[in-house]
Amino acid sequence: MSIPVVPEDVLPEAVLADDALTAPRRGRRQRFSQLSRRDKGVLGVMVGIPALVHILLVWLPAIFTGILSFAKWDNVRPIDTIKFVGFQNYWTIFTIFDSQLFPALFNNFVLIVWLFICSAIGVLLAYLLDKGIKGTRLYQSVYYFPVVLSLAVVGFMWKSVMFSRDTGLLNKLWPGGPIDFVGDQKKIITFHIPFLDSPLGLSRNFAALLIAMAWRHIGYIMVLYLAGLKSVDPSLREAAAIDGCTDWQSFRRVVFPALRPINVVVAVITVIEALRAYDIVAALGVQRGTEVMGTLVTTALTGEGGGRVGIGSAYGMVLFLLCIGFIIWYVINNFREQDT
Amino acid sequence: MSEVTGAPTVGIRRGPRMLLHAVLVVIALAWLVPLVTALYNSFRFFEADTQPNGPLSWPKTLTLDNYRRAWNVGEIWRHFGNTMFIVLPALLLILLLSSMVAFACTRFSWRFNVFFLVLFTAGNLMPQQVIFQPLFKIFKWIPWPDVLSDTNTGNLLGTKIAVILIHVAFQTGFCTFVLSNYMKTIPKELGEAALIDGASVSRQYFQIILPLCRPAFAALATLEFTWLYNDYFWGAVLLQQGGERPITSSIAVLNGQYSQNYNLIAAASMMIALPTLAVYIALQKQFISGLTLGANKG
C-alpha cells in the first residue's frame with residue numbers, strides 16, 4: 001500500500017481551523033484523487049452496492065411504471081405482446097374511469113387540507129409545550145404515542161372503540177342517534193362538478209378515518225416542531241421581548257420565519273403522507289367513499305380485474321406527478337445550502 | 001432534556017399557566033381515550049357485556065378470552081416470527097448500507113456525492129404504489145434457490161427475502177440522509193489526521209466514523225424498528241400466502257373473520273401494538289432524536 005502523499009493545501013487549513021472560531025468551520029474533505037487505488041475501490045463498493053439495490057428496486061421500477069403507463073398489456077403474456085398506445089390510458093382514466101379517479105383524487109385533496117390543519121395544531125401544541133411549564137415531558141409523551149402505532153392498528157383501534165355502530169364512543173356522542181361511521185357511505189358534503197356525472201364529496205366513512213389519522217399526525221408534527229423550537233437561538237426571542245413583542249408575536253414574527261427549513265419539512269411530510277395514504281384505508285377494507293390514489297393503483301393492478309397494467313400504471317403516474325414537485329422542493333430545501 | 005429551558009417565559013403568570021395546564025391535560029386525556037378504552041374492552045366479552053352495557057360501563061366479568069382467540073385464530077405468534085425474520089436483518093442491512101453511503105458521500109469529495117445523496121433522499125419519498133408492479137417482475141427475474149425460501153418457485157417473488165430487500169432499498173434513503181447530516185458534524189480534521197497517519201478508507205470507516213455515530217445508530221435503529229414493524233403495504237402485496245405475512249399485514253384477516261366482535265379486534269390491536277409501545281416507552285429519547293435528526297439539518 002502506498003503511503004498517501006499529503007497535499008500542501010491540506011496542512012494550512014488544518015492549522016487555520018483553530019483560528020476561525022467565529023467563522024463556520026471550513027475544514028476540507030479528503031479529495032478523492034489523493035486516495036490510493038485500493039481506497040478508491042473500497043469507496044466504490046461502499047457507494048456502489050447500496051446504490052445498486054436502491055436504483056434497481058426503487059428508481060428502475062418507477063421508470064418502468066412510467067413506460068408501462070403508455071402501454072397496453074395484460075401482465076400475463078410475454079413482454080413482446082406489449083403494445084404502446086400513447087396517451088390512451090391517461091385518456092381512459094380521465095374520461096371513462098372518471099368515476100373512480102376523481103373521488104380518489106378528491107379524497108387525497110381533502111386529506112392534504114385536513115393534515116395541514118392537523119399540522120397547524122401540532123405546531124400550536126409545540127408552541128404551548130415550549131413555554132417551559134412543568135410536566136412538558138409527560139404531555140409530550142402522551143401526545144406522541146400514537147405515532148408508534150401503525151396506521152392499520154390505529155384504524156382497527158378506532159373502528160372497534162370509537163366508531164363501531166352500537167358501542168363506539170363517538171357514535172354515541174353524535175346527535176341524532178347512532179350511525180355506523182366506518183360503514184356509512186353517506187356524504188356529509190357534496191360538490192357538483194359540471195363535467196362529472198356524480199358529485200364529489202366527503203363521506204362519513206372517510207371522515208371517520210380522517211379523525212383517526214389526526215390522532216397520529218398531530219403528535220408527529222408536534223415532536224418535529226418542538227425539536228425545531230429548541231434549536232432556535234434564545235437571543236432571537238430575547239431581542240424580540242426587549243423590543244416589546246408579546247410571546248405570541250415573537251413566535252409569529254420571529255421564531256416561525258426563522259424555522260423556515262423545518263416548516264418546509266413539515267409541509268412536505270404532510271403532503272407526502274396525505275398522498276401516500278394507504279394502510280388505514282386498505283386495512284379496514286376499501287369502500288365506496290374511502291378510496292384514495294394509493295388504493296386505486298393497488299386494486300387496478302392486483303385486485304378484481306387486476307392485470308390492467310396500463311391503466312394501473314397511469315393511475316400510478318398521476319400519483320407520482322402529484323408527489324414529485326414536493327419531493328423536489330424537499331430535496332432543494334435540504335441540499336441547497338450545502339458547501340459540496 | 002427534562003428541564004426545558006428553551007423559551008424565556010419562566011415568568012408566565014399563574015392564571016394563564018393554570019389555564020394552559022388545564023388545556024393540555026384535557027387534550028392528553030382525549031388522546032388516551034381510544035387506547036385506554038380499547039385496552040379496557042379487550043378484557044370484556046363483546047356480545048354479553050360491552051354491546052348491551054356500553055364500552056364505559058362497569059364490567060360484568062373480565063376475561064382473557066379475546067386474547068386467547070385472537071392469538072390462536074390470528075396465529076399471532078407465527079406472524080410475530082415472520083415480522084422478526086424480516087425486521088431484524090433488514091434493520092442491520094439498512095444501517096450498514098446507509099452508513100457506507102453517508103460515509104463515502106460526506107467524508108470525501110468526489111464528483112457525484114451530492115447526486116447520490118439526492119438520489120437516496122428523493123427515492124425514500126417515492127409513493128410505494130408507483131413502483132410495486134414492475135417490482136414484481138424484477139423479483140421474479142432474480143433467481144433464488146428454493147432451499148432458502150418457502151415458495152419453491154426458484155425466484156424471489158413471494159419470499160420474505162423480497163420484503164427485506166424492498167425495505168432495505170427504501171429505508172436506506174432515509175437513513176443515508178440522517179447519517180450524512182450527522183457525519184457532517186464530525187470535524188473533517190479527524191479524517192485528515194487519519195489519512196496522514198496512513199489509515200485506509202475502510203479503517204477510517206470502521207474505527208473512527210462508526211464508533212462516533214453510535215448515538216445516531218441507536219436513534220435510527222429505534223425509529224426504523226417501529227417503521228418496519230408497522231409496515232402494512234409491502235407485507236400485504238408481496239406475500240400472497242397469508243401465513244407468511246408479518247404481524248401488521250396479517251391483522252386484516254382477523255378483521256374479516258371477526259368484523260362484529262370489536263373487543264376481539266381491540267385485543268388483537270393491543271397485542272400488535274405492544275412491542276412498539278414497549279420500545280417507545282423504553283427508548284423514548286432515541287425515538288424522538290431519530291425523528292428530529294431527520295428534520296433538522298446537521
# chains A, B, ... in the order shown; residues from 1 in each chain; ligands from 1
call {"tool": "residues_around", "arguments": {"residues": "Arg288 in chain A", "least_positions_apart": "4", "cutoff": "9 Å", "atoms": "only C-alpha atoms", "output": "ChimeraX atom specification"}}
result
/A:185,203,205
call {"tool": "write_last_selection", "arguments": {"atoms": "N, CA and C atoms", "output": "mmCIF file, in the first residue's frame"}}
result
data_model
loop_
_atom_site.group_PDB
_atom_site.id
_atom_site.type_symbol
_atom_site.label_atom_id
_atom_site.label_comp_id
_atom_site.auth_asym_id
_atom_site.auth_seq_id
_atom_site.Cartn_x
_atom_site.Cartn_y
_atom_site.Cartn_z
ATOM 1 N N GLN A 185 -71.603 5.179 3.943
ATOM 2 C CA GLN A 185 -71.057 5.851 2.760
ATOM 3 C C GLN A 185 -71.760 7.170 2.463
ATOM 4 N N SER A 203 -67.444 11.563 2.434
ATOM 5 C CA SER A 203 -68.423 10.650 3.020
ATOM 6 C C SER A 203 -68.087 10.380 4.478
ATOM 7 N N ASN A 205 -67.668 7.612 6.159
ATOM 8 C CA ASN A 205 -66.623 6.637 6.480
ATOM 9 C C ASN A 205 -65.230 7.245 6.312
#
call {"tool": "residues_around", "arguments": {"residues": "Leu57 in chain A", "least_positions_apart": "3", "cutoff": "8 Å", "atoms": "only C-alpha atoms", "output": "PDB file with C-alpha atoms, in the first residue's frame"}}
result
ATOM      1  CA  VAL A  53     -30.027  -2.000  -4.546  1.00  0.00           C
ATOM      2  CA  HIS A  54     -31.734   1.372  -4.337  1.00  0.00           C
ATOM      3  CA  LEU A  60     -35.931   1.436 -12.098  1.00  0.00           C
ATOM      4  CA  PRO A  61     -39.467   0.262 -11.234  1.00  0.00           C
TER       5      PRO A  61
ATOM      6  CA  LEU B 135     -41.058  -4.655  -8.789  1.00  0.00           C
ATOM      7  CA  ILE B 138     -37.882  -7.662 -11.065  1.00  0.00           C
ATOM      8  CA  ILE B 166     -37.510  -3.585  -0.583  1.00  0.00           C
ATOM      9  CA  ALA B 169     -33.899  -0.212  -0.678  1.00  0.00           C
TER      10      ALA B 169
END
call {"tool": "closest_residue", "arguments": {"among": "B:Phe46, B:Tyr258, B:Tyr232, B:Trp71", "to": "Ala152 in chain A", "atoms": "only C-alpha atoms"}}
result
B:Tyr232
call {"tool": "residues_around", "arguments": {"residues": "Phe181 in chain A", "least_positions_apart": "2", "cutoff": "7 Å", "atoms": "only C-alpha atoms", "output": "PDB file with N, CA and C atoms, in the first residue's frame"}}
result
ATOM      1  N   PHE A 163     -65.783   4.079  16.725  1.00  0.00           N
ATOM      2  CA  PHE A 163     -66.719   4.249  15.617  1.00  0.00           C
ATOM      3  C   PHE A 163     -67.676   3.084  15.415  1.00  0.00           C
ATOM      4  N   ARG A 165     -70.877   0.742  15.491  1.00  0.00           N
ATOM      5  CA  ARG A 165     -72.205   1.330  15.430  1.00  0.00           C
ATOM      6  C   ARG A 165     -72.889   1.415  16.797  1.00  0.00           C
ATOM      7  N   ILE A 179     -74.959   6.105  14.381  1.00  0.00           N
ATOM      8  CA  ILE A 179     -74.744   5.718  12.987  1.00  0.00           C
ATOM      9  C   ILE A 179     -73.425   4.976  12.905  1.00  0.00           C
ATOM     10  N   GLY A 183     -68.842   2.228   8.358  1.00  0.00           N
ATOM     11  CA  GLY A 183     -69.521   1.574   7.252  1.00  0.00           C
ATOM     12  C   GLY A 183     -70.429   2.498   6.457  1.00  0.00           C
ATOM     13  N   ASP A 184     -70.576   3.733   6.884  1.00  0.00           N
ATOM     14  CA  ASP A 184     -71.582   4.596   6.286  1.00  0.00           C
ATOM     15  C   ASP A 184     -71.020   5.407   5.126  1.00  0.00           C
ATOM     16  N   ARG A 204     -69.081   9.855   5.193  1.00  0.00           N
ATOM     17  CA  ARG A 204     -68.910   9.655   6.634  1.00  0.00           C
ATOM     18  C   ARG A 204     -67.781   8.689   6.952  1.00  0.00           C
ATOM     19  N   ASN A 205     -67.668   7.612   6.159  1.00  0.00           N
ATOM     20  CA  ASN A 205     -66.623   6.637   6.480  1.00  0.00           C
ATOM     21  C   ASN A 205     -65.230   7.245   6.312  1.00  0.00           C
ATOM     22  N   ALA A 208     -64.461   9.508   9.271  1.00  0.00           N
ATOM     23  CA  ALA A 208     -64.025   8.748  10.440  1.00  0.00           C
ATOM     24  C   ALA A 208     -62.529   8.459  10.360  1.00  0.00           C
TER      25      ALA A 208
END
call {"tool": "closest_residue", "arguments": {"among": "A:Ile280, A:Leu128, A:Leu169, A:Val153", "to": "Leu20 in chain B", "atoms": "only C-alpha atoms"}}
result
A:Leu128
call {"tool": "residues_around", "arguments": {"residues": "Ser249 in chain B", "least_positions_apart": "3", "cutoff": "10 Å", "atoms": "only C-alpha atoms", "output": "list in words"}}
result
Ala152, Val153, Asp279 and Ala283 of chain A; His79, Thr83, Tyr229, Asn230, Asp231, Tyr232, Phe233, Trp234, Gly235, Ala236, Val237, Leu239, Gly242, Glu244, Arg245, Pro246, Ala252 and Val253 of chain B
call {"tool": "write_last_selection", "arguments": {"atoms": "N, CA and C atoms", "output": "PDB file, in the first residue's frame"}}
result
ATOM      1  N   ALA A 152     -52.564   0.918  10.298  1.00  0.00           N
ATOM      2  CA  ALA A 152     -53.524  -0.186  10.241  1.00  0.00           C
ATOM      3  C   ALA A 152     -54.084  -0.450  11.638  1.00  0.00           C
ATOM      4  N   VAL A 153     -53.203  -0.501  12.631  1.00  0.00           N
ATOM      5  CA  VAL A 153     -53.644  -0.751  14.005  1.00  0.00           C
ATOM      6  C   VAL A 153     -54.483   0.425  14.517  1.00  0.00           C
ATOM      7  N   ASP A 279     -52.472   2.527   4.148  1.00  0.00           N
ATOM      8  CA  ASP A 279     -52.608   1.480   5.166  1.00  0.00           C
ATOM      9  C   ASP A 279     -53.974   1.459   5.829  1.00  0.00           C
ATOM     10  N   ALA A 283     -56.492  -1.523   5.224  1.00  0.00           N
ATOM     11  CA  ALA A 283     -56.637  -2.460   6.330  1.00  0.00           C
ATOM     12  C   ALA A 283     -58.101  -2.593   6.734  1.00  0.00           C
TER      13      ALA A 283
ATOM     14  N   HIS B  79     -46.947 -14.949  13.181  1.00  0.00           N
ATOM     15  CA  HIS B  79     -46.741 -13.693  12.472  1.00  0.00           C
ATOM     16  C   HIS B  79     -45.700 -12.813  13.151  1.00  0.00           C
ATOM     17  N   THR B  83     -42.443 -11.337  11.328  1.00  0.00           N
ATOM     18  CA  THR B  83     -42.009  -9.946  11.453  1.00  0.00           C
ATOM     19  C   THR B  83     -40.536  -9.872  11.848  1.00  0.00           C
ATOM     20  N   TYR B 229     -41.644  -2.588  11.566  1.00  0.00           N
ATOM     21  CA  TYR B 229     -42.645  -3.396  12.255  1.00  0.00           C
ATOM     22  C   TYR B 229     -44.040  -2.976  11.813  1.00  0.00           C
ATOM     23  N   ASN B 230     -44.234  -1.699  11.627  1.00  0.00           N
ATOM     24  CA  ASN B 230     -45.558  -1.180  11.303  1.00  0.00           C
ATOM     25  C   ASN B 230     -45.895  -1.244   9.822  1.00  0.00           C
ATOM     26  N   ASP B 231     -44.968  -1.715   9.006  1.00  0.00           N
ATOM     27  CA  ASP B 231     -45.252  -1.754   7.570  1.00  0.00           C
ATOM     28  C   ASP B 231     -46.460  -2.620   7.297  1.00  0.00           C
ATOM     29  N   TYR B 232     -47.368  -2.081   6.521  1.00  0.00           N
ATOM     30  CA  TYR B 232     -48.545  -2.848   6.138  1.00  0.00           C
ATOM     31  C   TYR B 232     -48.476  -3.218   4.661  1.00  0.00           C
ATOM     32  N   PHE B 233     -48.094  -2.248   3.851  1.00  0.00           N
ATOM     33  CA  PHE B 233     -48.213  -2.381   2.402  1.00  0.00           C
ATOM     34  C   PHE B 233     -47.369  -3.524   1.834  1.00  0.00           C
ATOM     35  N   TRP B 234     -46.069  -3.498   2.084  1.00  0.00           N
ATOM     36  CA  TRP B 234     -45.194  -4.469   1.425  1.00  0.00           C
ATOM     37  C   TRP B 234     -45.500  -5.879   1.882  1.00  0.00           C
ATOM     38  N   GLY B 235     -45.738  -6.047   3.161  1.00  0.00           N
ATOM     39  CA  GLY B 235     -46.094  -7.368   3.653  1.00  0.00           C
ATOM     40  C   GLY B 235     -47.358  -7.900   3.007  1.00  0.00           C
ATOM     41  N   ALA B 236     -48.295  -6.991   2.731  1.00  0.00           N
ATOM     42  CA  ALA B 236     -49.574  -7.437   2.170  1.00  0.00           C
ATOM     43  C   ALA B 236     -49.473  -7.726   0.678  1.00  0.00           C
ATOM     44  N   VAL B 237     -48.769  -6.878  -0.087  1.00  0.00           N
ATOM     45  CA  VAL B 237     -48.783  -7.106  -1.538  1.00  0.00           C
ATOM     46  C   VAL B 237     -47.713  -8.104  -1.991  1.00  0.00           C
ATOM     47  N   LEU B 239     -46.396 -10.675  -0.149  1.00  0.00           N
ATOM     48  CA  LEU B 239     -46.572 -12.029   0.370  1.00  0.00           C
ATOM     49  C   LEU B 239     -48.011 -12.462   0.156  1.00  0.00           C
ATOM     50  N   GLY B 242     -51.031 -15.926   3.043  1.00  0.00           N
ATOM     51  CA  GLY B 242     -51.364 -15.213   4.258  1.00  0.00           C
ATOM     52  C   GLY B 242     -50.508 -15.599   5.455  1.00  0.00           C
ATOM     53  N   GLU B 244     -47.483 -16.279   5.676  1.00  0.00           N
ATOM     54  CA  GLU B 244     -46.122 -15.771   5.665  1.00  0.00           C
ATOM     55  C   GLU B 244     -46.058 -14.296   6.021  1.00  0.00           C
ATOM     56  N   ARG B 245     -47.214 -13.666   6.135  1.00  0.00           N
ATOM     57  CA  ARG B 245     -47.201 -12.215   6.306  1.00  0.00           C
ATOM     58  C   ARG B 245     -46.710 -11.801   7.690  1.00  0.00           C
ATOM     59  N   PRO B 246     -46.095 -10.622   7.766  1.00  0.00           N
ATOM     60  CA  PRO B 246     -45.734 -10.088   9.078  1.00  0.00           C
ATOM     61  C   PRO B 246     -46.984  -9.671   9.844  1.00  0.00           C
ATOM     62  N   ALA B 252     -55.659  -7.748   8.933  1.00  0.00           N
ATOM     63  CA  ALA B 252     -56.866  -7.629   8.117  1.00  0.00           C
ATOM     64  C   ALA B 252     -57.635  -8.946   8.081  1.00  0.00           C
ATOM     65  N   VAL B 253     -56.924 -10.069   8.208  1.00  0.00           N
ATOM     66  CA  VAL B 253     -57.584 -11.373   8.202  1.00  0.00           C
ATOM     67  C   VAL B 253     -58.533 -11.484   9.394  1.00  0.00           C
TER      68      VAL B 253
END
call {"tool": "select_by_dssp", "arguments": {"residues": "range 151-332 of chain A", "states": "alpha helix (DSSP H)", "output": "VMD selection string"}}
result
chain A and resid 151 to 161 169 to 173 204 to 230 234 to 242 247 to 249 256 to 258 260 to 276 279 to 283 293 to 302 309 to 332
call {"tool": "residues_around", "arguments": {"residues": "Ile93 in chain A", "least_positions_apart": "4", "cutoff": "12 Å", "atoms": "only C-alpha atoms", "output": "ChimeraX atom specification"}}
result
/A:69,87-89,97-102,104-105,296-297,300,308,310-318
call {"tool": "residues_around", "arguments": {"residues": "range 199-202 of chain B", "least_positions_apart": "3", "cutoff": "7 Å", "atoms": "only C-alpha atoms", "output": "list in words"}}
result
Asp39 and Val42 of chain A; Ala194, Leu195, Tyr205 and Phe206 of chain B
call {"tool": "residues_around", "arguments": {"residues": "Phe326 in chain A", "least_positions_apart": "2", "cutoff": "9 Å", "atoms": "only C-alpha atoms", "output": "ChimeraX atom specification"}}
result
/A:267-268,271-272,322-324,328-331
call {"tool": "closest_residue", "arguments": {"among": "B:Leu220, B:Leu254, B:Leu62, B:Val101", "to": "chain A", "atoms": "only C-alpha atoms"}}
result
B:Val101
call {"tool": "closest_residue", "arguments": {"among": "A:Thr81, A:Thr298, A:Asn263, A:Ser119", "to": "chain B", "atoms": "only C-alpha atoms"}}
result
A:Thr298
call {"tool": "closest_residue", "arguments": {"among": "B:Ile272, B:Ser180, B:Phe217, B:Val168", "to": "Pro50 in chain A", "atoms": "only C-alpha atoms"}}
result
B:Val168
